[in-house]
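Enquirer: A single structure is presented below for examination.
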Amino acid sequence: MKLRIAQLPGDGIGPEVVAQAAKAIDAVCARFGHEVEYRYASVGACAIDRYGDAFPEETYRICLESDAVLFGAVGDPRYDNDPTARVRPEQGLLAMRKKLGLYANLRPVETFPALIDKSPLKRELVEGADFVCVRELTGGMYFGEKGRRDDGDTAYDTNVYSRFEIERILRQAYSLARLRRRHLTVVDKANVLESSRLWRQVAQEMSAEYPDVQTDYMFVDNAAMKLITNPRFFDVLVTENTFGDILTDEASCISGSMGLLASASIGERTGVYEPIHGSYPQAAGKDIANPLATILSAAMMFETAFGLKEEGAALRNAVRASIEAGFVTEDLADGAVARRTSEVGDWVAARISEEK
Ligand code: IPM
Ligand code: MN
């Protein structure tokens with residue numbers, strides 16, 4: 001099969017981790033006889049520096065012409081403490097999501113037996129936790145009307161959702177639940193927010209179409225607590241954009257390192273595969289960042305964008321092997337020798353090739 005992949009490394013550690021995922025993808029393609037063609041494009045702060053635009057038209061075109069996008073991260077400390085900045089790196093990511101119609105963000109949370117003791121939570125709580133957060137990605141407060149009033153002294157962001165947007169994300173979540181343990185938790189704040197009441201109403205109507213899936217409803221504050229007191233409760237958790245952003249950072253602690261959490265953003269056009277960690281500017285260029293989340297995102301790419309399950313499994317197996325062999329970066333090394341980002345990438349790629 002011919003795979004056309006756009007690489008958008010972005011900022012900070014993005015280029016380093018994406019480069020390792022590309023090594024792993026090359027190894028998989030060599031082993032399974034696929035031809036891969038990469039195109040490279042800018043997004044985020046590096047795109048602002050070069051083009052004055054965080055998601056340039058050229059980048060958009062390259063994404064549209066590709067079968068999948070491998071994305072690193074965006075963000076730059078130059079903008080973080082400047083609330084008056086006119087253009088911001090994050091706008092590049094938001095524009096990409098909106099323009100590619102990426103309304104569903106799938107963030108799987110799983111545990112690796114060899115890393116259980118790296119989790120800040122007790123072993124008996126996290127062991128066996130395995131769920132997917134389905135985060136709505138193109139609506140809500142991120143994209144609702146926002147602005148300032150009263151000479152700039154009052155600010156607002158609007159949390160807007162239409163039935164159409166809620167229905168399509170719930171469909172994704174229900175389909176996923178059917179492939180898993182058939183348990184869907186709809187997370188909202190329906191005791192306070194009108195938009196959440198619409199979510200709950202639509203979910204209740206739709207649940208009748210999925211009698212084989214157990215649907216339950218949970219307020220977001222309660223869900224935040226449940227994620228750390230009983231993460232095994234969850235199978236598929238679906239929620240709106242802002243709640244999903246917050247809950248998935250929280251959930252990422254379960255597996256022991258944020259450097260392990262992969263994600264897929266899918267929707268109307270080309271899908272984007274990216275680690276959930278950010279640009280981690282303190283580590284940029286030091287060859288110390290954990291590339292495993294990006295490699296696991298590449299596994300999701302093979303499975304979701306190309307329907308190539310065995311190839312995805314080969315990537316996952318190699319990642320698991322590197323963890324079990326203790327061949328890991330400093331976030332997971334735990335006193336043992338910490339390997340460099342590029343060494344872990346080489347190790348994983350070699351492992352994929354060896355298994356031929
Ligand atoms: C994420 C990130 C982004 C978000 C930022 C960088 C805009 O935190 O993908 O979770 O808030 O969606
Ligand atoms: Mn986030």
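Here's how to read the names in the structure tokens: chain A, B, ... by the order shown, residue numbers from 1 in each chain, ligand numbers from 1 in the order shown.
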Using only C-alpha atoms and all ligand atoms, what are the residues with an atom within 9 Å of ligand 2, set out as a PyMOL selection string?

Expert: chain A and resi 242+244-249+276-278

Enquirer: If the limit is 10 Å from any atom of ligand 1, counting only C-alpha atoms and all ligand atoms, which residues qualify? Return them as a PyMOL selection string.

Expert: chain A and resi 44+73-75+88-94+97+105+107+135+137-138+142+241-242+244-249+263+265+274-279

Enquirer: Of the candidates A:Arg320, A:Arg197, A:Arg180, A:Arg149, which shows the shortest atom-to-atom distance to Arg163 (chain A), using only C-alpha atoms?

Expert: A:Arg197

Enquirer: Might you pull out every residue within 6 Å of region 209-219 of chain A, with only C-alpha atoms counted and same-chain residues fewer than 6 positions away left off, and present them as a list in words?

Expert: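 Once the adjacent positions are removed, what remains is Arg182, His183, Leu184, Thr185, Val186, Val187, Asp188 and Lys189 of chain A.
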
Enquirer: Please produce a file of the residues just selected, as a compact mmCIF listing (two decimals), in the first residue's frame, where the atoms kept are N, CA and C atoms.

Expert:
# COMPACT_ATOMS: atom_id res chain seq x y z
N ARG A 182 -18.62 -2.10 25.87
CA ARG A 182 -20.02 -1.64 25.77
C ARG A 182 -20.51 -0.86 26.98
N HIS A 183 -19.66 0.04 27.43
CA HIS A 183 -20.04 0.88 28.56
C HIS A 183 -19.64 2.32 28.23
N LEU A 184 -20.63 3.19 28.13
CA LEU A 184 -20.35 4.59 27.78
C LEU A 184 -20.73 5.51 28.93
N THR A 185 -19.80 6.38 29.31
CA THR A 185 -20.10 7.39 30.33
C THR A 185 -20.12 8.76 29.67
N VAL A 186 -21.27 9.41 29.75
CA VAL A 186 -21.41 10.75 29.16
C VAL A 186 -21.14 11.76 30.28
N VAL A 187 -20.11 12.57 30.10
CA VAL A 187 -19.69 13.49 31.16
C VAL A 187 -20.11 14.92 30.82
N ASP A 188 -20.81 15.56 31.73
CA ASP A 188 -21.29 16.92 31.47
C ASP A 188 -21.44 17.69 32.79
N LYS A 189 -22.05 18.83 32.74
CA LYS A 189 -22.34 19.60 33.94
C LYS A 189 -23.80 20.05 33.81

Enquirer: Measuring between only C-alpha atoms, which one of A:Glu136, A:Glu16, A:Glu65, A:Asp82 shows the shortest distance to Ile266 (chain A)?

Expert: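 Checking each candidate against Ile266 (chain A), we get A:Glu136 as the closest.
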
Enquirer: Do a neighbour search on Ala299 (chain A) at 8 Å with only C-alpha atoms, toss out local chain neighbours closer than 5 positions, and write the hits as a VMD selection string.

Expert: chain A and resid 311 to 313 315 to 316

Enquirer: Rounded to one decimal place, report the CA of Gly259 (chain A)-CA of Asn230 (chain A) distance in Å.

Expert: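 Atom-to-atom, CA of Gly259 (chain A) to CA of Asn230 (chain A), that is 22.0 Å.
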
Enquirer: Identify which of the residues A:Leu70, A:Ala129, A:Cys46, A:Val236 lies closest to Ala22 (chain A), counting only C-alpha atoms when measuring atom-to-atom distances.

Expert: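 Of A:Leu70, A:Ala129, A:Cys46, A:Val236, the one nearest Ala22 (chain A) is A:Leu70, counting only C-alpha atoms.
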
Enquirer: Using only C-alpha atoms, which residue out of A:Thr304, A:Ser342, A:Asn317, A:Thr229 lies closest to Pro291 (chain A)?

Expert: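 Once distances to Pro291 (chain A) are computed over only C-alpha atoms, the minimum belongs to A:Ser342.
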
Enquirer: Please identify all polymer residues within 10 Å of region 110-118 of chain A, counting only C-alpha atoms, omitting same-chain residues fewer than 4 positions from it, and present them as a VMD selection string.

Expert: chain A and resid 122 to 132 251 to 257 260 to 261 320 to 321 323 to 326 331 to 334

Enquirer: Where in region 66-311 of chain A does DSSP assign strand (DSSP E or B), given as an MDAnalysis selection string?

Expert: chainID A and resid 68:73 104:110 130:136 146:149 154:157 183:188 214:219 236:239 262:266 271:275

Enquirer: Could those residues be written to a file, using N, CA and C atoms, as a compact mmCIF listing (two decimals), in the first residue's frame?

Expert:
# COMPACT_ATOMS: atom_id res chain seq x y z
N ALA A 68 -2.87 10.93 6.00
CA ALA A 68 -2.83 11.07 7.45
C ALA A 68 -1.79 12.13 7.80
N VAL A 69 -1.98 12.75 8.96
CA VAL A 69 -1.03 13.77 9.42
C VAL A 69 -0.41 13.29 10.73
N LEU A 70 0.92 13.32 10.78
CA LEU A 70 1.64 13.03 12.01
C LEU A 70 2.07 14.37 12.58
N PHE A 71 1.56 14.67 13.76
CA PHE A 71 1.76 16.01 14.31
C PHE A 71 2.51 15.92 15.64
N GLY A 72 3.39 16.88 15.90
CA GLY A 72 4.16 16.87 17.16
C GLY A 72 3.47 17.70 18.24
N ALA A 73 3.76 18.99 18.28
CA ALA A 73 3.17 19.85 19.31
C ALA A 73 3.34 21.31 18.86
N ALA A 104 -13.63 14.67 16.44
CA ALA A 104 -13.49 13.62 17.46
C ALA A 104 -12.04 13.37 17.81
N ASN A 105 -11.73 13.53 19.08
CA ASN A 105 -10.38 13.30 19.54
C ASN A 105 -10.40 12.07 20.47
N LEU A 106 -9.72 11.03 20.05
CA LEU A 106 -9.71 9.78 20.82
C LEU A 106 -8.41 9.70 21.62
N ARG A 107 -8.54 9.62 22.92
CA ARG A 107 -7.35 9.56 23.77
C ARG A 107 -7.41 8.31 24.65
N PRO A 108 -6.78 7.24 24.22
CA PRO A 108 -6.81 6.00 25.01
C PRO A 108 -5.89 6.09 26.22
N VAL A 109 -6.35 5.55 27.32
CA VAL A 109 -5.53 5.49 28.54
C VAL A 109 -5.37 4.02 28.91
N GLU A 110 -4.14 3.57 28.91
CA GLU A 110 -3.91 2.17 29.29
C GLU A 110 -2.72 2.13 30.22
N ASP A 130 -8.17 0.71 31.66
CA ASP A 130 -8.10 0.68 30.20
C ASP A 130 -9.36 1.34 29.66
N PHE A 131 -9.23 2.58 29.26
CA PHE A 131 -10.41 3.28 28.73
C PHE A 131 -10.00 4.28 27.66
N VAL A 132 -11.00 4.80 26.97
CA VAL A 132 -10.74 5.79 25.94
C VAL A 132 -11.58 7.03 26.23
N CYS A 133 -10.93 8.18 26.25
CA CYS A 133 -11.68 9.44 26.34
C CYS A 133 -11.97 9.89 24.92
N VAL A 134 -13.23 10.18 24.66
CA VAL A 134 -13.62 10.73 23.37
C VAL A 134 -13.97 12.19 23.63
N ARG A 135 -13.10 13.05 23.17
CA ARG A 135 -13.26 14.48 23.42
C ARG A 135 -13.78 15.17 22.16
N GLU A 136 -14.86 15.93 22.30
CA GLU A 136 -15.35 16.72 21.17
C GLU A 136 -14.29 17.79 20.92
N LYS A 146 -16.32 34.89 21.44
CA LYS A 146 -15.53 35.38 22.57
C LYS A 146 -15.21 36.85 22.37
N GLY A 147 -14.91 37.53 23.42
CA GLY A 147 -14.55 38.93 23.23
C GLY A 147 -14.44 39.69 24.53
N ARG A 148 -14.34 40.98 24.39
CA ARG A 148 -14.22 41.89 25.54
C ARG A 148 -15.32 42.93 25.46
N ARG A 149 -15.75 43.37 26.62
CA ARG A 149 -16.71 44.48 26.71
C ARG A 149 -16.16 45.49 27.69
N THR A 154 -14.16 43.48 30.77
CA THR A 154 -15.02 42.31 30.93
C THR A 154 -14.75 41.41 29.73
N ALA A 155 -14.56 40.11 30.02
CA ALA A 155 -14.26 39.19 28.91
C ALA A 155 -15.21 38.00 28.97
N TYR A 156 -15.52 37.43 27.81
CA TYR A 156 -16.40 36.26 27.79
C TYR A 156 -16.00 35.27 26.71
N ASP A 157 -16.30 33.99 26.97
CA ASP A 157 -16.15 32.91 26.01
C ASP A 157 -17.47 32.15 26.06
N HIS A 183 -19.66 0.04 27.43
CA HIS A 183 -20.04 0.88 28.56
C HIS A 183 -19.64 2.32 28.23
N LEU A 184 -20.63 3.19 28.13
CA LEU A 184 -20.35 4.59 27.78
C LEU A 184 -20.73 5.51 28.93
N THR A 185 -19.80 6.38 29.31
CA THR A 185 -20.10 7.39 30.33
C THR A 185 -20.12 8.76 29.67
N VAL A 186 -21.27 9.41 29.75
CA VAL A 186 -21.41 10.75 29.16
C VAL A 186 -21.14 11.76 30.28
N VAL A 187 -20.11 12.57 30.10
CA VAL A 187 -19.69 13.49 31.16
C VAL A 187 -20.11 14.92 30.82
N ASP A 188 -20.81 15.56 31.73
CA ASP A 188 -21.29 16.92 31.47
C ASP A 188 -21.44 17.69 32.79
N GLN A 214 -24.30 -0.01 27.76
CA GLN A 214 -24.76 0.59 29.02
C GLN A 214 -24.34 2.06 29.04
N THR A 215 -25.31 2.97 29.10
CA THR A 215 -24.98 4.40 29.10
C THR A 215 -25.15 4.92 30.52
N ASP A 216 -24.15 5.60 31.04
CA ASP A 216 -24.42 6.34 32.26
C ASP A 216 -23.95 7.78 32.15
N TYR A 217 -24.46 8.60 33.03
CA TYR A 217 -24.26 10.05 32.97
C TYR A 217 -23.56 10.49 34.23
N MET A 218 -22.58 11.36 34.07
CA MET A 218 -21.81 11.75 35.25
C MET A 218 -21.46 13.23 35.15
N PHE A 219 -21.57 13.95 36.25
CA PHE A 219 -21.14 15.34 36.25
C PHE A 219 -19.61 15.39 36.20
N VAL A 236 -15.56 3.75 27.85
CA VAL A 236 -15.49 4.89 26.95
C VAL A 236 -16.13 6.08 27.67
N LEU A 237 -15.41 7.18 27.70
CA LEU A 237 -15.90 8.40 28.35
C LEU A 237 -16.02 9.44 27.24
N VAL A 238 -17.19 10.04 27.11
CA VAL A 238 -17.35 11.06 26.06
C VAL A 238 -17.71 12.39 26.70
N THR A 239 -17.11 13.45 26.19
CA THR A 239 -17.39 14.76 26.78
C THR A 239 -17.06 15.89 25.83
N ALA A 262 -1.11 8.68 23.59
CA ALA A 262 -1.27 8.95 22.16
C ALA A 262 -2.66 9.50 21.91
N SER A 263 -2.88 10.06 20.72
CA SER A 263 -4.24 10.43 20.37
C SER A 263 -4.44 10.46 18.87
N ALA A 264 -5.71 10.33 18.51
CA ALA A 264 -6.10 10.42 17.10
C ALA A 264 -7.22 11.45 17.03
N SER A 265 -7.12 12.37 16.09
CA SER A 265 -8.20 13.32 15.87
C SER A 265 -8.77 13.03 14.49
N ILE A 266 -10.05 12.67 14.49
CA ILE A 266 -10.63 12.27 13.21
C ILE A 266 -11.93 13.03 12.95
N GLY A 271 -7.16 12.74 8.94
CA GLY A 271 -7.02 12.63 10.38
C GLY A 271 -5.62 13.02 10.84
N VAL A 272 -5.55 13.47 12.10
CA VAL A 272 -4.28 13.92 12.67
C VAL A 272 -3.92 13.04 13.86
N TYR A 273 -2.69 12.58 13.93
CA TYR A 273 -2.24 11.67 14.98
C TYR A 273 -1.14 12.38 15.76
N GLU A 274 -1.34 12.48 17.06
CA GLU A 274 -0.42 13.32 17.85
C GLU A 274 -0.35 12.86 19.31
N PRO A 275 0.81 13.06 19.94
CA PRO A 275 0.91 12.79 21.38
C PRO A 275 0.11 13.84 22.13

Enquirer: Which parts of region 79-251 of chain A does DSSP call alpha helix (DSSP H) when run on the backbone here, written out as a ChimeraX atom specification?

Expert: /A:79-80,89-99,123-126,163-179,194-207,220-229,241-251

Enquirer: Which residues come within 10 Å of Tyr40 (chain A), counting only C-alpha atoms, excluding same-chain residues fewer than 6 positions away, as a PyMOL selection string?

Expert: chain A and resi 5-9+59+62-63+69-70

Enquirer: Could the residues in this selection be written to a file with N, CA and C atoms, as a PDB file, in the first residue's frame?

Expert:
ATOM      1  N   ILE A   5       1.916  10.482   4.008  1.00  0.00           N
ATOM      2  CA  ILE A   5       1.856  11.023   5.375  1.00  0.00           C
ATOM      3  C   ILE A   5       2.441  12.434   5.410  1.00  0.00           C
ATOM      4  N   ALA A   6       1.690  13.361   5.986  1.00  0.00           N
ATOM      5  CA  ALA A   6       2.221  14.710   6.184  1.00  0.00           C
ATOM      6  C   ALA A   6       2.854  14.760   7.566  1.00  0.00           C
ATOM      7  N   GLN A   7       4.064  15.254   7.647  1.00  0.00           N
ATOM      8  CA  GLN A   7       4.720  15.436   8.949  1.00  0.00           C
ATOM      9  C   GLN A   7       4.648  16.911   9.322  1.00  0.00           C
ATOM     10  N   LEU A   8       4.008  17.174  10.477  1.00  0.00           N
ATOM     11  CA  LEU A   8       3.939  18.543  11.002  1.00  0.00           C
ATOM     12  C   LEU A   8       4.581  18.530  12.386  1.00  0.00           C
ATOM     13  N   PRO A   9       5.897  18.661  12.458  1.00  0.00           N
ATOM     14  CA  PRO A   9       6.588  18.517  13.746  1.00  0.00           C
ATOM     15  C   PRO A   9       6.238  19.632  14.731  1.00  0.00           C
ATOM     16  N   THR A  59       0.263  24.611   4.428  1.00  0.00           N
ATOM     17  CA  THR A  59       0.194  23.477   5.360  1.00  0.00           C
ATOM     18  C   THR A  59      -1.161  22.779   5.231  1.00  0.00           C
ATOM     19  N   ILE A  62      -1.249  20.684   2.106  1.00  0.00           N
ATOM     20  CA  ILE A  62      -0.476  19.447   2.242  1.00  0.00           C
ATOM     21  C   ILE A  62      -1.253  18.422   3.077  1.00  0.00           C
ATOM     22  N   CYS A  63      -1.931  18.895   4.124  1.00  0.00           N
ATOM     23  CA  CYS A  63      -2.748  17.980   4.937  1.00  0.00           C
ATOM     24  C   CYS A  63      -3.857  17.366   4.084  1.00  0.00           C
ATOM     25  N   VAL A  69      -1.978  12.753   8.962  1.00  0.00           N
ATOM     26  CA  VAL A  69      -1.033  13.771   9.419  1.00  0.00           C
ATOM     27  C   VAL A  69      -0.408  13.293  10.725  1.00  0.00           C
ATOM     28  N   LEU A  70       0.918  13.324  10.775  1.00  0.00           N
ATOM     29  CA  LEU A  70       1.639  13.027  12.012  1.00  0.00           C
ATOM     30  C   LEU A  70       2.072  14.373  12.579  1.00  0.00           C
TER      31      LEU A  70
END

Enquirer: Determine the nearest neighbour of Val192 (chain A) from the options A:Asp80, A:Val220, A:Leu308, A:Glu205, counting only C-alpha atoms.

Expert: A:Val220

Enquirer: When you count only C-alpha atoms, which of these residues is closest to Ala350 (chain A): A:Ala318, A:Phe143, A:Phe327, A:Ser297?

Expert: A:Ala318

Enquirer: One decimal, in Å: what's the spacing between CA of Ala298 (chain A) and CA of Ala21 (chain A)?

Expert: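 CA of Ala21 (chain A) lies 6.6 Å from CA of Ala298 (chain A).
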
Enquirer: Quick one: pull the distance between CA of Ala314 (chain A) and CA of Gln20 (chain A), Å, one decimal.

Expert: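 Computing the Euclidean distance for CA of Ala314 (chain A) and CA of Gln20 (chain A) yields 15.2 Å.
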